[in-house]
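Data from final02.txt: compact mmCIF, C-alpha atoms
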```txt
# COMPACT_ATOMS: atom_id res chain seq x y z
CA GLN A 29 0.00 0.00 0.00
CA GLU A 30 1.37 3.39 -1.05
CA ALA A 31 2.08 5.97 1.66
CA ARG A 32 -0.26 8.96 1.76
CA LEU A 33 1.09 12.01 -0.04
CA PRO A 34 2.19 14.51 2.65
CA ILE A 35 0.75 18.02 2.62
CA ILE A 36 3.08 20.89 3.52
CA ALA A 37 1.55 24.27 4.33
CA MET A 38 3.22 27.48 3.16
CA THR A 39 2.20 30.76 4.74
CA ALA A 40 3.49 34.25 5.45
CA GLN A 41 2.81 33.72 9.16
CA ALA A 42 5.66 32.43 11.34
CA LEU A 43 4.27 32.28 14.88
CA PRO A 44 4.12 28.93 16.73
CA GLU A 45 0.32 29.14 16.96
CA ASP A 46 0.12 29.51 13.16
CA ARG A 47 2.09 26.29 12.77
CA GLU A 48 -0.19 24.53 15.23
CA ARG A 49 -3.28 25.72 13.33
CA CYS A 50 -1.88 24.32 10.09
CA LEU A 51 -1.14 20.95 11.69
CA ALA A 52 -4.55 20.88 13.39
CA ALA A 53 -6.18 21.49 10.00
CA GLY A 54 -4.58 18.30 8.68
CA MET A 55 -1.30 19.53 7.24
CA ASP A 56 1.73 17.32 7.79
CA ASP A 57 4.29 20.10 8.04
CA TYR A 58 4.73 23.82 7.74
CA ILE A 59 7.07 26.27 6.00
CA SER A 60 6.87 30.01 6.60
CA LYS A 61 7.75 32.71 4.10
CA PRO A 62 10.26 33.78 3.02
CA ILE A 63 11.05 30.32 1.69
CA GLU A 64 14.75 29.56 2.05
CA GLU A 65 16.14 26.96 -0.32
CA SER A 66 17.87 25.02 2.45
CA VAL A 67 14.69 24.85 4.56
CA LEU A 68 12.58 23.74 1.58
CA PHE A 69 15.06 21.00 0.73
CA GLU A 70 15.29 19.83 4.35
CA VAL A 71 11.52 19.58 4.78
CA SER A 72 11.08 17.88 1.39
CA LYS A 73 13.90 15.46 2.11
CA LYS A 74 12.56 14.27 5.46
CA TRP A 75 9.08 13.60 4.04
CA LEU A 76 10.46 11.86 0.94
CA GLU A 77 12.58 9.69 3.23
CA ALA A 78 9.52 8.90 5.33
CA ARG A 79 7.61 7.79 2.21
CA GLY A 80 10.59 5.66 1.20
CA LYS A 81 10.67 3.94 4.57
CA HIS A 82 6.94 3.28 4.34
CA ARG A 83 7.39 1.75 0.88
CA ASP A 84 10.30 -0.44 2.04
CA LYS A 85 8.26 -1.67 5.00
CA ASN A 86 5.29 -2.63 2.81
CA PHE A 87 7.59 -4.58 0.52
CA GLY A 88 9.07 -6.61 3.37
CA GLY A 89 11.86 -4.29 4.46
CA GLU A 90 12.82 -3.71 8.05
CA ALA A 91 12.73 0.09 7.94
CA LYS A 92 10.73 1.75 10.64
CA GLU A 93 8.12 4.27 9.56
CA GLU A 94 8.69 7.48 11.48
CA ASP A 95 7.00 10.84 11.68
CA PRO A 96 9.61 13.34 10.42
CA ARG A 97 8.06 15.98 12.67
CA ASP A 98 9.62 14.19 15.65
CA GLY A 99 12.72 15.91 16.93
CA LYS A 100 13.84 19.36 15.87
CA GLU A 101 11.14 21.97 15.35
CA GLU A 102 11.31 24.48 12.52
CA VAL A 103 12.77 27.76 13.68
CA ALA A 104 11.55 30.99 12.13
CA SER A 105 14.22 33.17 10.54
CA GLU A 106 15.46 36.02 12.67
CA SER A 107 16.50 39.41 11.40
CA SER A 108 20.28 39.65 11.20
CA SER A 109 22.21 42.61 12.50
CA GLY A 110 23.14 45.36 10.07
CA PRO A 111 22.10 48.90 9.30
CA ILE A 112 19.81 48.09 6.37
CA TYR A 113 19.78 44.40 5.40
CA ASP A 114 21.78 41.19 5.70
CA HIS A 115 23.75 40.76 2.48
CA GLU A 116 24.91 37.20 3.18
CA GLY A 117 21.53 36.20 4.57
CA LEU A 118 19.92 37.29 1.31
CA ARG A 119 22.41 35.28 -0.75
CA LYS A 120 21.77 32.21 1.38
CA ALA A 121 18.00 32.59 1.24
CA LEU A 122 18.10 32.77 -2.57
CA GLY A 123 20.41 29.77 -2.98
CA GLY A 124 23.68 31.52 -3.86
CA ASP A 125 23.35 31.40 -7.67
CA PRO A 126 24.46 34.88 -8.87
CA GLN A 127 22.34 34.80 -12.03
CA PHE A 128 19.20 33.79 -10.15
CA ILE A 129 19.86 36.38 -7.43
CA GLY A 130 20.27 39.09 -10.08
CA ARG A 131 17.01 38.14 -11.78
CA PHE A 132 15.17 37.97 -8.46
CA LEU A 133 16.44 41.37 -7.30
CA LYS A 134 15.63 43.05 -10.60
CA ALA A 135 12.10 41.63 -10.48
CA PHE A 136 11.71 42.58 -6.83
CA LEU A 137 12.94 46.16 -7.25
CA LYS A 138 10.81 46.73 -10.33
CA GLY A 139 7.73 45.08 -8.83
CA ALA A 140 7.98 46.68 -5.39
CA SER A 141 8.45 50.15 -6.86
CA ALA A 142 5.37 49.67 -9.02
CA ASP A 143 3.38 48.28 -6.08
CA LEU A 144 4.20 51.30 -3.92
CA GLU A 145 2.99 53.60 -6.68
CA LYS A 146 -0.25 51.63 -6.85
CA ILE A 147 -0.69 51.81 -3.07
CA ARG A 148 -0.30 55.59 -3.12
CA ASP A 149 -2.93 55.86 -5.87
CA PHE A 150 -5.34 53.48 -4.11
CA ILE A 151 -5.00 55.32 -0.80
CA GLY A 152 -5.82 58.53 -2.65
CA SER A 153 -8.92 56.98 -4.21
CA GLY A 154 -9.95 55.25 -0.95
CA ASP A 155 -9.73 51.73 -2.40
CA PHE A 156 -8.32 50.08 0.73
CA ALA A 157 -9.29 46.56 -0.36
CA LYS A 158 -6.71 46.78 -3.14
CA VAL A 159 -4.23 48.40 -0.77
CA GLN A 160 -4.56 45.42 1.58
CA ARG A 161 -3.95 42.91 -1.20
CA ILE A 162 -0.75 44.65 -2.28
CA ALA A 163 0.42 45.04 1.32
CA HIS A 164 0.03 41.28 1.80
CA LYS A 165 2.08 40.68 -1.35
CA LEU A 166 4.89 42.92 -0.07
CA LYS A 167 4.89 41.07 3.25
CA GLY A 168 5.54 37.80 1.45
CA THR A 169 8.87 39.02 0.05
CA SER A 170 10.02 41.34 2.84
CA GLY A 171 11.65 38.61 4.92
CA TYR A 172 14.19 37.62 2.27
CA PHE A 173 16.31 40.67 3.06
CA HIS A 174 16.54 40.15 6.83
CA SER A 175 15.99 43.90 7.13
CA PRO A 176 14.31 44.68 10.49
CA GLN A 177 13.43 48.24 9.50
CA TYR A 178 11.85 47.40 6.13
CA LYS A 179 10.09 44.28 7.42
CA SER A 180 8.71 46.22 10.39
CA ALA A 181 7.44 49.00 8.11
CA VAL A 182 5.72 46.48 5.80
CA GLU A 183 4.05 44.66 8.70
CA SER A 184 3.02 47.86 10.49
CA PHE A 185 1.45 49.23 7.32
CA GLY A 186 -0.34 45.95 6.67
CA GLU A 187 -1.74 45.83 10.20
CA THR A 188 -2.92 49.43 9.94
CA ILE A 189 -4.88 48.64 6.78
CA LYS A 190 -6.15 45.32 8.14
CA LYS A 191 -7.53 47.04 11.25
CA GLY A 192 -9.28 49.65 9.12
CA GLU A 193 -7.26 52.52 10.58
CA ASN A 194 -7.39 54.33 7.29
CA GLU A 195 -6.64 57.73 8.77
CA LYS A 196 -3.14 56.43 9.69
CA ALA A 197 -2.57 54.81 6.30
CA MET A 198 -0.64 57.63 4.66
CA GLU A 199 1.59 58.13 7.71
CA GLU A 200 2.52 54.43 7.77
CA PHE A 201 2.87 54.38 4.01
CA CYS A 202 5.38 57.25 4.08
CA ARG A 203 7.44 55.27 6.60
CA LEU A 204 7.25 52.23 4.34
CA GLU A 205 8.41 54.28 1.35
CA ARG A 206 11.39 55.63 3.29
CA GLU A 207 12.51 52.19 4.45
CA TYR A 208 12.03 50.71 0.98
CA GLU A 209 14.13 53.45 -0.60
CA LYS A 210 16.96 52.78 1.86
CA LEU A 211 16.77 49.07 1.06
CA ARG A 212 16.55 49.68 -2.69
CA GLN A 213 19.63 51.88 -2.73
CA ALA A 214 21.66 49.46 -0.60
CA VAL A 215 20.70 46.40 -2.66
CA PHE A 216 21.32 48.21 -5.94
CA ARG A 217 24.75 49.40 -4.76
CA ASP A 218 25.82 45.99 -3.43
CA PHE A 219 24.63 43.84 -6.33
CA PHE A 220 24.63 46.08 -9.41
CA GLY A 221 27.21 48.76 -8.59
CA GLU A 222 27.53 52.26 -9.90
CA GLY A 223 27.40 51.19 -13.53
CA GLY A 224 24.21 49.15 -13.21
CA GLN A 225 20.92 50.03 -14.82
CA GLU A 226 18.42 51.72 -12.54
CA PHE A 227 14.92 50.31 -12.18
```

So, in terms of structure tokens, how does the structure I just supplied come out?
Amino acid sequence: QEARLPIIAMTAQALPEDRERCLAAGMDDYISKPIEESVLFEVSKKWLEARGKHRDKNFGGEAKEEDPRDGKEEVASESSSGPIYDHEGLRKALGGDPQFIGRFLKAFLKGASADLEKIRDFIGSGDFAKVQRIAHKLKGTSGYFHSPQYKSAVESFGETIKKGENEKAMEEFCRLEREYEKLRQAVFRDFFGEGGQEF
């Protein structure tokens, strides 16, 4: 009999109670955004190994079927020290391939800049439902940079919109813009240099 296909939840939330809710809902494991290559491989590997042990057992092998959740718990990423972002942490999170990192950063910088322009327009028109959707999108990528200031600004802005505190939206948005611009300049300088093409 074939082992049941494991279900791994992926969410922007990283609190222990969020993990417990996923497991209680029937998920087998949990990965929080931002997805780091090493974490994804580790979680995939332990569940693939568990399925292999189940298959060996059903075909007469001696392997013991184990729950790969036993033992070490997943630990949420922590913001690294540094004035703006963690350069090495970003490289590690994106797998270390320079070409992929370059493509990712170009897409991020172009997309985030466009998203912030949209947010400003939607705040002006009072369309806070669209603002909330974009804020959630920004939250999903903010953790890759291990930038406490930028991540805090993204989360604070998102919570303000989620709570319906629309009168504070522009104030929080201005903070978000400032922190993004610091991050954008630092990332552009470190990865593309003075001769790079602006986005």

Original post:
In terms of the shortest atom-to-atom distance over only C-alpha atoms, which of A:Tyr172, A:Phe150, A:Phe156, A:Trp75 is closest to Val215 in chain A?
Top reply: A:Tyr172

**OP:** Write out as a PyMOL selection string the residues lying within 12 Å of range 134-139 of chain A, counting only C-alpha atoms and excluding same-chain residues fewer than 4 positions away.
**Re:** chain A and resi 127-130+143-146+162+165-166+168-170+172-173+208-216+219-220+224-227

If I wrap all listed atoms of range 213-220 of chain A in a box with edges along x, y and z and add 5 Å on each side, what are its centre and edge lengths in Å to one decimal, as AutoDock Vina command-line options?
```
--center_x 22.7 --center_y 47.9 --center_z -5.0 --size_x 16.2 --size_y 18.0 --size_z 18.8
```

Original post:
Taking (2.8, 18.1, 6.2) in the file's coordinates, which residues come within 9 Å, counting only C-alpha atoms, written as a list in words?
Top reply: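 With a cut-off of 9 Å, the residues come to Leu33, Pro34, Ile35, Ile36, Ala37, Cys50, Leu51, Gly54, Met55, Asp56, Asp57, Tyr58, Val71, Trp75 and Arg97 of chain A.
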
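Atom to atom, CA of Cys202 in chain A and CA of Gly152 in chain A stand 13.1 Å apart.
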
Subject >> Nearest to Phe201 in chain A by atom-to-atom distance, counting only C-alpha atoms, from A:Arg119, A:Arg148, A:Arg217, A:Lys73 >> reply: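 Ranking A:Arg119, A:Arg148, A:Arg217, A:Lys73 by distance to Phe201 in chain A, first place goes to A:Arg148.
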
Subject >> Gap from CA of Ile147 in chain A to CA of Lys190 in chain A - Å, one decimal >> reply: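 Between CA of Ile147 in chain A and CA of Lys190 in chain A the gap works out to 14.1 Å.
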
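For Lys179 in chain A, the residues within 12 Å (counting all atoms listed in the file, excluding itself and residues fewer than 4 positions away along the chain) are Pro62, Glu106, Ser107, Ser108, Ile112, Tyr113, Ala163, His164, Leu166, Lys167, Gly168, Thr169, Ser170, Gly171, Tyr172, Phe173, His174, Ser175, Glu183, Ser184, Phe185, Gly186, Arg203, Leu204, Glu205, Glu207, Tyr208 and Leu211 of chain A.
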
Original post:
Could you work out how far CA of Ala197 in chain A lies from CA of Tyr178 in chain A, giving the answer in Å with one decimal?
Top reply: 16.2 Å

Subject >> Nearest to Ala181 in chain A by atom-to-atom distance, counting all atoms listed in the file, from A:Glu116, A:Glu199, A:Asp125, A:Glu77 >> reply: A:Glu199

Original post:
For Gly192 in chain A, which residue out of A:Gly124, A:Gly221, A:Pro176, A:Gly154 is the nearest one, using all atoms listed in the file?
Top reply: A:Gly154
